[in-house]
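Chemist: Take a look at this one; I'll ask things after.
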Amino acid sequence: MTGIAETAPRAPAAAGFSLKPLMFETFVCSMAMMAFVALAGPIARVIGLAPWQVGAAMTVAGVAWMVMARIWGAASDRRGRRNILLLGLSGFAIVHFLLSLFIDLALRTAMAPTLAFVGLVLGRGIAGVFYAAVPATSTALVADHVPPQERGKAMAAIGASSAAGMVISPGFAGLVGPINLSLPLYLTALLPAVALVVLWRVLPRHEHHARASADPLRLTDQRLRRPMTLAFIAMFSVAVAQITVGFFALDRLHLDPAGAANAAGIALAVVGVALVLAQVVLRQLDWPPMRLIRVGAVIGGIGFAAVTLATSAPLLWACYATAAFGMGWVYPSVSALAANSVEAHEQRAAAGSIAAAQGLGIILGPIIGSFIYTLDNGAPFALVGVMLLVAAFWRERSCGDAGCACG
């Protein structure tokens, strides 16, 4: 079958469905993405780019993600989850590898900073167009096949896979980067192609998901107001932390580009370890999504705010680990909260809406974070700390979300 998947009721545990292919895909894509993040600051200094220019390049990827998420999600209803996921991953693999080639060229030659900036913006933007299909379709697949009471754990499993990629990739980039800044990019750029082969072989060709409603779910649907806002804040916070960590190591810790790459890589690797631990703990808890979000946002907010006091690499790593542990509870819980807030036939649109909110966070996070950083190198961390604490204590008068369980 290559066309539209047939309508079928959601089984308690969909026969033949396995999370393992999605976990592997998430793992390798996380490795590919995080390698660049770990090296962004040192690369920018070598090429001659300002922090705001790196932030702008990441912002373009967020714009593409936000715009395309619901489009890819709708296409997965018409063409099937498998077809759209493979198409998006194919495009991402090709563009990401070409972007690695371009960055290597910029590092090896006396390329004009303006040209390097344009190339980064175009490369990240096109990569974002294709990558938008991956999280939206993967989340929709989980919602298609996993019952509401088990979605939080399923999302946590995928989150743990992403965290594992964060453990390995930044640490690898931090170790190899001082030898050659381009080498980690080349090696990790091959991973999405490996994931493509795996998914092509193992993803089910016969899909069973609820047919989309004739009355599409609107971005302004009140049921998604809380999940979308929380998804935006979470992604905004992480985007700010990612774009500023390399520059923070350069300016606050007074490291050279090679040392900053190492410190940033270890910080992001520590993030991955903390995320894995958070997922392990989460899967042992029987808390509703909203409670996990509240506790996680408090922990994350404290961790990010504490970065303003960091004066050494170990302190920076400790702050990032604390923040990451909290965010490890927020991320999967937001997706579960959204999935539990809508009906079966609205899952695809809900997944696309959450992806769009996350895309907006990626748009504004790097550009605002890098701008504020130029004013004070601790201000971005104070900002996201406050945002997460406000989100933790945000209460609505009424809660119609099936998954809210506001206690």
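Within each chain, counting starts at residue 1; across the structure tokens, chains are named A, B, ... in the order shown, with ligands numbered 1 upward in that order.
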Counting only C-alpha atoms, which residues in segment 303-323 of chain A sit no more than 8 Å from segment 377-391 of chain A? For each one, give the nearest pair of atoms and the distance in Å, sorted by chain then residue number, as CSV.

Modeler:
residue,atom,partner,partner_atom,distance
A:Gly303,CA,A:Gly385,CA,7.4
A:Phe304,CA,A:Gly385,CA,5.2
A:Ala305,CA,A:Ala382,CA,4.7
A:Ala306,CA,A:Phe381,CA,7.8
A:Val307,CA,A:Phe381,CA,6.4
A:Thr308,CA,A:Gly378,CA,4.7

Chemist: With a distance cut-off of 10 Å and only C-alpha atoms, select the neighbouring residues of Gly361 of chain A, excluding the residue or stretch itself and same-chain residues fewer than 6 positions from it, and output the selection as a ChimeraX atom specification.

Modeler: /A:59,62-63,66,229,231-240,355

Chemist: Near Arg108 of chain A, counting only C-alpha atoms, which residues have an atom at most 10 Å away, once you skip same-chain residues fewer than 6 positions from it, shown as a PyMOL selection string?

Modeler: chain A and resi 46-47+102+182

Chemist: Store the residues picked out above in a file with all heavy atoms, as a PDB file, in the first residue's frame.

Modeler:
ATOM      1  N   VAL A  46      36.001  31.343  14.176  1.00  0.00           N
ATOM      2  CA  VAL A  46      37.003  31.090  13.138  1.00  0.00           C
ATOM      3  C   VAL A  46      36.582  31.729  11.818  1.00  0.00           C
ATOM      4  O   VAL A  46      37.402  32.347  11.113  1.00  0.00           O
ATOM      5  CB  VAL A  46      37.224  29.572  12.960  1.00  0.00           C
ATOM      6  CG1 VAL A  46      38.133  29.301  11.757  1.00  0.00           C
ATOM      7  CG2 VAL A  46      37.837  28.972  14.218  1.00  0.00           C
ATOM      8  N   ILE A  47      35.299  31.604  11.473  1.00  0.00           N
ATOM      9  CA  ILE A  47      34.815  32.141  10.196  1.00  0.00           C
ATOM     10  C   ILE A  47      34.692  33.655  10.244  1.00  0.00           C
ATOM     11  O   ILE A  47      34.829  34.330   9.221  1.00  0.00           O
ATOM     12  CB  ILE A  47      33.457  31.504   9.833  1.00  0.00           C
ATOM     13  CG1 ILE A  47      33.626  30.000   9.599  1.00  0.00           C
ATOM     14  CG2 ILE A  47      32.858  32.140   8.575  1.00  0.00           C
ATOM     15  CD1 ILE A  47      32.321  29.275   9.320  1.00  0.00           C
ATOM     16  N   PHE A 102      29.915  22.594   3.103  1.00  0.00           N
ATOM     17  CA  PHE A 102      30.036  24.052   2.998  1.00  0.00           C
ATOM     18  C   PHE A 102      30.772  24.629   4.204  1.00  0.00           C
ATOM     19  O   PHE A 102      31.643  25.503   4.059  1.00  0.00           O
ATOM     20  CB  PHE A 102      28.652  24.684   2.872  1.00  0.00           C
ATOM     21  CG  PHE A 102      28.684  26.189   2.815  1.00  0.00           C
ATOM     22  CD1 PHE A 102      28.963  26.840   1.620  1.00  0.00           C
ATOM     23  CD2 PHE A 102      28.465  26.940   3.959  1.00  0.00           C
ATOM     24  CE1 PHE A 102      29.014  28.228   1.572  1.00  0.00           C
ATOM     25  CE2 PHE A 102      28.511  28.325   3.909  1.00  0.00           C
ATOM     26  CZ  PHE A 102      28.789  28.969   2.713  1.00  0.00           C
ATOM     27  N   SER A 182      35.868  20.357  11.491  1.00  0.00           N
ATOM     28  CA  SER A 182      34.990  19.816  10.456  1.00  0.00           C
ATOM     29  C   SER A 182      34.714  18.326  10.615  1.00  0.00           C
ATOM     30  O   SER A 182      33.667  17.840  10.190  1.00  0.00           O
ATOM     31  CB  SER A 182      35.602  20.052   9.065  1.00  0.00           C
ATOM     32  OG  SER A 182      35.820  21.417   8.832  1.00  0.00           O
TER      33      SER A 182
END

Chemist: I want to know what sits within 9 Å of segment 244-254 of chain A, based on only C-alpha atoms, with residues of the same chain fewer than 6 positions away left out; could you give that as JSON, numbers by chain?

Modeler: {"A": [37, 38, 39, 40, 41, 42, 51, 55, 260, 261, 263, 264, 265, 267, 268, 310, 311, 312, 313, 316, 366, 369, 370, 373, 377, 378, 380, 381]}

Chemist: Selected residues, N, CA and C atoms, written as a tab-separated table (two decimals), in the first residue's frame, please.

Modeler:
chain	number	residue	atom	x	y	z
A	37	VAL	N	25.59	22.16	16.98
A	37	VAL	CA	25.31	23.04	18.11
A	37	VAL	C	26.53	23.14	19.02
A	38	ALA	N	27.17	22.00	19.27
A	38	ALA	CA	28.34	22.00	20.15
A	38	ALA	C	29.49	22.82	19.59
A	39	LEU	N	29.58	22.91	18.27
A	39	LEU	CA	30.70	23.59	17.62
A	39	LEU	C	30.35	24.98	17.10
A	40	ALA	N	29.09	25.41	17.27
A	40	ALA	CA	28.63	26.64	16.64
A	40	ALA	C	29.46	27.85	17.05
A	41	GLY	N	29.72	28.01	18.36
A	41	GLY	CA	30.48	29.16	18.81
A	41	GLY	C	31.90	29.21	18.26
A	42	PRO	N	32.69	28.14	18.45
A	42	PRO	CA	34.05	28.14	17.88
A	42	PRO	C	34.07	28.30	16.37
A	51	PRO	N	27.67	36.46	17.10
A	51	PRO	CA	26.67	35.57	17.71
A	51	PRO	C	25.29	35.68	17.08
A	55	GLY	N	22.79	32.84	15.48
A	55	GLY	CA	21.41	32.77	15.94
A	55	GLY	C	20.42	32.89	14.80
A	260	ALA	N	36.86	25.99	24.10
A	260	ALA	CA	35.42	26.27	24.19
A	260	ALA	C	34.62	25.16	23.53
A	261	ALA	N	35.12	24.65	22.40
A	261	ALA	CA	34.44	23.53	21.75
A	261	ALA	C	34.40	22.32	22.67
A	263	ALA	N	34.56	22.37	26.05
A	263	ALA	CA	33.68	22.65	27.18
A	263	ALA	C	32.22	22.59	26.77
A	264	ALA	N	31.90	23.16	25.60
A	264	ALA	CA	30.52	23.14	25.13
A	264	ALA	C	30.08	21.71	24.82
A	265	GLY	N	30.98	20.94	24.21
A	265	GLY	CA	30.65	19.55	23.89
A	265	GLY	C	30.37	18.74	25.15
A	267	ALA	N	29.39	19.97	28.05
A	267	ALA	CA	28.14	20.48	28.64
A	267	ALA	C	26.93	19.82	28.00
A	268	LEU	N	26.95	19.72	26.67
A	268	LEU	CA	25.81	19.13	25.97
A	268	LEU	C	25.78	17.61	26.16
A	310	ALA	N	27.85	30.65	37.09
A	310	ALA	CA	28.93	29.74	36.73
A	310	ALA	C	30.20	30.50	36.35
A	311	THR	N	31.30	30.12	36.97
A	311	THR	CA	32.60	30.76	36.68
A	311	THR	C	33.65	29.74	36.24
A	312	SER	N	33.25	28.48	36.11
A	312	SER	CA	34.17	27.43	35.67
A	312	SER	C	33.39	26.42	34.85
A	313	ALA	N	34.13	25.63	34.08
A	313	ALA	CA	33.48	24.62	33.25
A	313	ALA	C	32.68	23.60	34.07
A	316	LEU	N	29.40	25.09	35.03
A	316	LEU	CA	28.55	25.18	33.85
A	316	LEU	C	27.91	23.83	33.56
A	366	PRO	N	17.08	31.41	19.31
A	366	PRO	CA	18.45	31.79	18.93
A	366	PRO	C	18.63	33.29	18.69
A	369	GLY	N	18.05	35.09	22.11
A	369	GLY	CA	19.12	34.70	23.02
A	369	GLY	C	20.45	35.31	22.65
A	370	SER	N	20.80	35.26	21.35
A	370	SER	CA	22.08	35.81	20.92
A	370	SER	C	22.10	37.33	21.04
A	373	TYR	N	22.48	38.14	24.67
A	373	TYR	CA	23.83	37.76	25.09
A	373	TYR	C	24.83	38.89	24.84
A	377	ASN	N	26.24	38.41	29.13
A	377	ASN	CA	26.34	36.99	28.80
A	377	ASN	C	25.62	36.07	29.78
A	378	GLY	N	25.06	36.62	30.84
A	378	GLY	CA	24.24	35.82	31.74
A	378	GLY	C	22.75	36.04	31.55
A	380	PRO	N	20.59	35.73	28.96
A	380	PRO	CA	19.73	34.71	28.33
A	380	PRO	C	19.32	33.60	29.29
A	381	PHE	N	20.21	33.21	30.18
A	381	PHE	CA	19.91	32.13	31.11
A	381	PHE	C	18.93	32.59	32.19

Chemist: Using only C-alpha atoms, which of A:Ala258, A:Ala116, A:Val134, A:Ala324 sits nearest Ala195 of chain A?

Modeler: A:Val134

Chemist: Would you work out the distance separating atom CA of Leu89 of chain A from atom CA of Phe172 of chain A, expressed in Å to one decimal?

Modeler: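 One can read the atom CA of Leu89 of chain A to atom CA of Phe172 of chain A distance as 22.9 Å.
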
Chemist: For each of A:Ala56, A:Leu315, A:Val67, A:Ile266, take the minimum atom-to-atom distance to Val121 of chain A, counting only C-alpha atoms, then give the residue where this is smallest.

Modeler: A:Ala56

Chemist: Applying 12 Å and only C-alpha atoms, which residues near Gly165 of chain A remain after dropping the ones on its own chain fewer than 4 positions away? List them as a VMD selection string.

Modeler: chain A and resid 23 to 35 158 to 161 169 to 173 188 191 268 to 273 275 to 276

Chemist: Looking at A:Ala74, A:Ala136, A:Ile243, A:Ile126, which one is nearest to Ile372 of chain A, with distances taken over only C-alpha atoms?

Modeler: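 Distance minimum relative to Ile372 of chain A lands on A:Ile243.
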
Chemist: Show me, as a count of residues only, the residues that have an atom within 8 Å of Ile103 of chain A when counting only C-alpha atoms, minus same-chain residues fewer than 3 positions from it.

Modeler: 7

Chemist: Have a look at A:Ile43, A:Ile362, A:Met327, A:Leu282 and name the one nearest to Ala61 of chain A; count only C-alpha atoms.

Modeler: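 Checking each of A:Ile43, A:Ile362, A:Met327, A:Leu282 against Ala61 of chain A, counting only C-alpha atoms, the winner is A:Ile362.
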
Chemist: Can you pull out the residues contacting segment 392-396 of chain A? Cut-off 10 Å, using only C-alpha atoms, and skip same-chain residues under 4 positions away; I want them as a PyMOL selection string.

Modeler: chain A and resi 226+230+290-301+330+386-388+400+406

Chemist: Could you save those same residues with all heavy atoms as a short mmCIF file (atom, residue, chain, number, x, y, z; two decimals), in the first residue's frame?

Modeler:
data_model
loop_
_atom_site.label_atom_id
_atom_site.label_comp_id
_atom_site.auth_asym_id
_atom_site.auth_seq_id
_atom_site.Cartn_x
_atom_site.Cartn_y
_atom_site.Cartn_z
N ARG A 226 -2.71 25.43 26.15
CA ARG A 226 -1.69 25.13 27.16
C ARG A 226 -0.54 24.28 26.59
O ARG A 226 0.64 24.65 26.75
CB ARG A 226 -2.31 24.43 28.37
CG ARG A 226 -1.32 24.09 29.47
CD ARG A 226 -1.93 23.17 30.51
NE ARG A 226 -2.93 23.83 31.29
CZ ARG A 226 -2.71 24.41 32.48
NH1 ARG A 226 -1.49 24.38 32.98
NH2 ARG A 226 -3.67 24.99 33.15
N LEU A 230 3.37 25.69 26.37
CA LEU A 230 4.43 24.99 27.08
C LEU A 230 5.49 24.46 26.11
O LEU A 230 6.69 24.49 26.41
CB LEU A 230 3.84 23.86 27.90
CG LEU A 230 2.95 24.30 29.08
CD1 LEU A 230 2.24 23.09 29.68
CD2 LEU A 230 3.76 25.02 30.14
N MET A 290 0.58 16.96 33.37
CA MET A 290 0.71 18.32 33.86
C MET A 290 1.56 18.40 35.12
O MET A 290 2.32 19.35 35.33
CB MET A 290 -0.67 18.92 34.11
CG MET A 290 -0.70 20.44 34.16
SD MET A 290 -0.11 21.17 32.62
CE MET A 290 1.13 22.31 33.23
N ARG A 291 1.46 17.38 35.98
CA ARG A 291 2.29 17.38 37.18
C ARG A 291 3.77 17.22 36.82
O ARG A 291 4.64 17.88 37.39
CB ARG A 291 1.86 16.26 38.12
CG ARG A 291 2.63 16.25 39.45
CD ARG A 291 2.15 15.13 40.36
NE ARG A 291 0.75 15.30 40.70
CZ ARG A 291 0.06 14.41 41.44
NH1 ARG A 291 0.67 13.31 41.87
NH2 ARG A 291 -1.21 14.62 41.71
N LEU A 292 4.06 16.36 35.86
CA LEU A 292 5.44 16.20 35.41
C LEU A 292 5.98 17.49 34.83
O LEU A 292 7.14 17.85 35.03
CB LEU A 292 5.51 15.07 34.38
CG LEU A 292 5.34 13.64 34.91
CD1 LEU A 292 5.10 12.68 33.76
CD2 LEU A 292 6.57 13.23 35.71
N ILE A 293 5.13 18.19 34.08
CA ILE A 293 5.55 19.46 33.47
C ILE A 293 5.87 20.48 34.55
O ILE A 293 6.89 21.19 34.48
CB ILE A 293 4.46 19.98 32.52
CG1 ILE A 293 4.37 19.08 31.28
CG2 ILE A 293 4.74 21.42 32.12
CD1 ILE A 293 3.17 19.37 30.41
N ARG A 294 5.02 20.57 35.57
CA ARG A 294 5.24 21.57 36.61
C ARG A 294 6.54 21.31 37.37
O ARG A 294 7.35 22.22 37.57
CB ARG A 294 4.05 21.57 37.57
CG ARG A 294 2.79 22.20 36.98
CD ARG A 294 1.83 22.63 38.10
NE ARG A 294 0.70 23.33 37.51
CZ ARG A 294 -0.51 22.82 37.35
NH1 ARG A 294 -0.75 21.59 37.74
NH2 ARG A 294 -1.48 23.53 36.82
N VAL A 295 6.73 20.08 37.81
CA VAL A 295 7.94 19.77 38.58
C VAL A 295 9.18 19.92 37.69
O VAL A 295 10.20 20.48 38.09
CB VAL A 295 7.86 18.35 39.16
CG1 VAL A 295 9.16 17.98 39.86
CG2 VAL A 295 6.68 18.24 40.12
N GLY A 296 9.08 19.43 36.45
CA GLY A 296 10.21 19.53 35.53
C GLY A 296 10.57 20.96 35.21
O GLY A 296 11.76 21.32 35.13
N ALA A 297 9.56 21.82 35.03
CA ALA A 297 9.83 23.23 34.71
C ALA A 297 10.51 23.94 35.87
O ALA A 297 11.37 24.81 35.67
CB ALA A 297 8.53 23.94 34.33
N VAL A 298 10.14 23.60 37.11
CA VAL A 298 10.80 24.20 38.27
C VAL A 298 12.27 23.81 38.31
O VAL A 298 13.16 24.66 38.48
CB VAL A 298 10.10 23.77 39.58
CG1 VAL A 298 10.95 24.17 40.79
CG2 VAL A 298 8.73 24.42 39.68
N ILE A 299 12.55 22.51 38.14
CA ILE A 299 13.93 22.05 38.14
C ILE A 299 14.72 22.68 37.00
O ILE A 299 15.84 23.17 37.18
CB ILE A 299 13.98 20.51 38.04
CG1 ILE A 299 13.32 19.88 39.26
CG2 ILE A 299 15.44 20.02 37.91
CD1 ILE A 299 13.16 18.38 39.16
N GLY A 300 14.13 22.69 35.80
CA GLY A 300 14.80 23.28 34.65
C GLY A 300 15.04 24.76 34.82
O GLY A 300 16.12 25.27 34.47
N GLY A 301 14.06 25.47 35.35
CA GLY A 301 14.22 26.91 35.55
C GLY A 301 15.34 27.24 36.51
O GLY A 301 16.13 28.16 36.29
N VAL A 330 9.66 17.62 31.00
CA VAL A 330 8.74 18.53 30.31
C VAL A 330 8.45 18.07 28.89
O VAL A 330 7.28 18.01 28.48
CB VAL A 330 9.32 19.96 30.31
CG1 VAL A 330 8.45 20.89 29.44
CG2 VAL A 330 9.42 20.50 31.73
N VAL A 386 13.34 32.33 34.32
CA VAL A 386 12.09 32.97 34.73
C VAL A 386 10.91 32.43 33.92
O VAL A 386 9.83 32.16 34.48
CB VAL A 386 12.20 34.50 34.57
CG1 VAL A 386 10.83 35.16 34.76
CG2 VAL A 386 13.20 35.07 35.57
N MET A 387 11.08 32.25 32.62
CA MET A 387 10.00 31.75 31.78
C MET A 387 9.53 30.37 32.24
O MET A 387 8.33 30.09 32.30
CB MET A 387 10.44 31.70 30.32
CG MET A 387 10.60 33.05 29.66
SD MET A 387 11.20 32.94 27.95
CE MET A 387 9.81 32.14 27.16
N LEU A 388 10.47 29.50 32.56
CA LEU A 388 10.11 28.15 32.99
C LEU A 388 9.42 28.16 34.35
O LEU A 388 8.46 27.40 34.58
CB LEU A 388 11.35 27.27 33.03
CG LEU A 388 11.86 26.81 31.67
CD1 LEU A 388 13.25 26.20 31.79
CD2 LEU A 388 10.90 25.80 31.05
N GLY A 400 -10.07 21.64 30.28
CA GLY A 400 -10.82 20.65 29.55
C GLY A 400 -9.97 19.55 28.98
O GLY A 400 -10.43 18.70 28.25
N CYS A 406 -4.67 18.40 36.61
CA CYS A 406 -3.91 19.53 37.12
C CYS A 406 -3.27 19.33 38.47
O CYS A 406 -2.41 20.08 38.88
CB CYS A 406 -4.78 20.78 37.09
SG CYS A 406 -5.19 21.34 35.44
#

Chemist: Which of these residues is nearest to Leu360 of chain A, using only C-alpha atoms: A:Ala44, A:Met228, A:Val54, A:Val95?

Modeler: A:Met228

Chemist: Let's see if you can do this: from backbone DSSP, list all helix (DSSP H, G or I) residues in segment 160-312 of chain A, as a PyMOL selection string.

Modeler: chain A and resi 160-176+183-189+191-202+222-251+257-282+289-309
